[in-house]
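*Asks:* Pasting a structure here, questions to come.
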Amino acid sequence: MTSPHPEPSRAKISIQIDSSLATIIPGFLANKQRDLTTIESCLKQGDLQTIRLLGHRMKGDGGGYGFDQISTIGDQLEQAAMAHNLSALHDQIDGLRDFLSRVEVVYTD
């Protein structure tokens with residue numbers, strides 16, 4: 001029997017962003033997608049310093065663009081990299097991948 005509702009983990013995440021940012025949000029999200037690819041590569045290479053730096057930058061950038069969840073994930077990436085906590089790094093990478101795949105921007109006036 002199938003459920004009439006999508007699985008919660010696959011539901012879109014709607015984020016309301018001021019329409020004045022409409023020209024820069026697509027580039028911001030594309031940059032976060034590139035950061036995700038870089039972080040995954042760095043993890044395979046054991047480059048936790050770069051992951052820490054990218055996490056720190058995400059922590060600062062996310063909220064300024066209206067993406068508080070990116071800031072939270074960035075903070076957790078930074079902390080996990082500093083602690084050499086590979087399990088937490090994997091969890092945060094999965095969380096970032098999931099967020100980026102489901103985020104839907106709704107522009108407001």
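The chains in the structure tokens are called A, B, ... from first to last as shown; in each chain the residues are counted from 1, and the ligands are counted from 1 in the order shown.
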Can you pull out every residue within 9 Å of Tyr107 (chain A), counting only C-alpha atoms, but drop anything in the same chain fewer than 4 positions away, and send it as a VMD selection string?

*Replies:* chain A and resid 15 to 22

*Asks:* As a ChimeraX atom specification, please: the residues near Ile39 (chain A) (cut-off 8 Å, only C-alpha atoms, same-chain neighbours under 5 positions excluded).

*Replies:* /A:50-51,54,93

*Asks:* Write the selection just made, keeping C-alpha atoms, as a compact mmCIF listing (two decimals), in the first residue's frame?

*Replies:*
# COMPACT_ATOMS: atom_id res chain seq x y z
CA THR A 50 39.93 22.42 4.07
CA ILE A 51 36.66 20.94 5.33
CA LEU A 54 34.66 25.50 4.12
CA ILE A 93 27.81 15.86 4.35

*Asks:* Considering only C-alpha atoms, state which residue in the set A:Val106, A:Ala81, A:Ser14, A:Gln33 is at the smallest distance from Leu53 (chain A).

*Replies:*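 The closest residue to Leu53 (chain A) is A:Ala81.
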
*Asks:* List the spatial neighbours of region 56-69 of chain A as a PyMOL selection string - criterion: any atom at most 6 Å away, only C-alpha atoms, same-chain residues fewer than 5 positions off excluded.

*Replies:* chain A and resi 74-75+78

*Asks:* DSSP on the backbone, alpha helix (DSSP H) only: what residues of region 15-100 of chain A does that give? Format it as a PyMOL selection string.

*Replies:* chain A and resi 25-45+48-64+68-82+86-100

*Asks:* Write out as a PyMOL selection string each polymer residue whose atoms come within 8 Å of Ala88 (chain A), counting only C-alpha atoms; drop sequence neighbours fewer than 4 positions from it.

*Replies:* chain A and resi 76-77+80+92

*Asks:* For the selection you just gave me, I'd like the residues written to a file as a PDB file, in the first residue's frame, keeping C-alpha atoms.

*Replies:*
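That gives us selection_13.pdb:
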ATOM      1  CA  GLN A  76      28.756  21.182  12.510  1.00  0.00           C
ATOM      2  CA  LEU A  77      31.204  20.473   9.649  1.00  0.00           C
ATOM      3  CA  ALA A  80      33.543  17.703  13.313  1.00  0.00           C
ATOM      4  CA  GLN A  92      26.789  16.509   7.948  1.00  0.00           C
TER       5      GLN A  92
END

*Asks:* By how many Å are CA of Arg102 (chain A) and CA of Arg10 (chain A) apart?

*Replies:*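 According to the coordinates, CA of Arg102 (chain A) and CA of Arg10 (chain A) are separated by 6.9 Å.
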
*Asks:* So that I can check the surroundings of Asp94 (chain A), please list as a PyMOL selection string every protein, DNA and RNA residue that reaches within 12 Å of it, counting only C-alpha atoms and ignoring chain neighbours fewer than 2 positions away.

*Replies:* chain A and resi 9+36-37+39-40+73+77+87-92+96-101

*Asks:* To one decimal in Å, tell me the separation between CA of Phe28 (chain A) and CA of Ile70 (chain A).

*Replies:*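 According to the coordinates, CA of Phe28 (chain A) and CA of Ile70 (chain A) are separated by 11.1 Å.
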
*Asks:* Using only C-alpha atoms, which of the listed residues (A:Gly95, A:Leu86, A:Ala30, A:Thr108) sits closest to Cys42 (chain A)?

*Replies:* A:Leu86

*Asks:* Which residues in chain A does DSSP call strand (DSSP E or B)? List them as a list in words.

*Replies:* Ile13, Ser14, Ile15, Gln16, Ile17, Asp18, Val103, Glu104, Val105, Val106, Tyr107 and Thr108 of chain A

*Asks:* Take the residues from that selection and write them out as an mmCIF file, in the first residue's frame, keeping C-alpha atoms.

*Replies:*
data_model
loop_
_atom_site.group_PDB
_atom_site.id
_atom_site.type_symbol
_atom_site.label_atom_id
_atom_site.label_comp_id
_atom_site.auth_asym_id
_atom_site.auth_seq_id
_atom_site.Cartn_x
_atom_site.Cartn_y
_atom_site.Cartn_z
ATOM 1 C CA ILE A 13 12.155 22.427 1.905
ATOM 2 C CA SER A 14 10.682 25.835 1.134
ATOM 3 C CA ILE A 15 12.798 28.830 2.108
ATOM 4 C CA GLN A 16 11.395 32.320 1.761
ATOM 5 C CA ILE A 17 13.941 34.797 0.431
ATOM 6 C CA ASP A 18 13.488 38.485 -0.295
ATOM 7 C CA VAL A 103 15.565 23.192 -1.122
ATOM 8 C CA GLU A 104 13.015 25.280 -2.967
ATOM 9 C CA VAL A 105 13.366 29.055 -2.896
ATOM 10 C CA VAL A 106 10.187 31.117 -2.687
ATOM 11 C CA TYR A 107 10.832 34.796 -3.390
ATOM 12 C CA THR A 108 8.844 37.341 -1.412
#

*Asks:* CA of Gln49 (chain A) and CA of Arg34 (chain A) are how many Å apart?

*Replies:* 17.1 Å
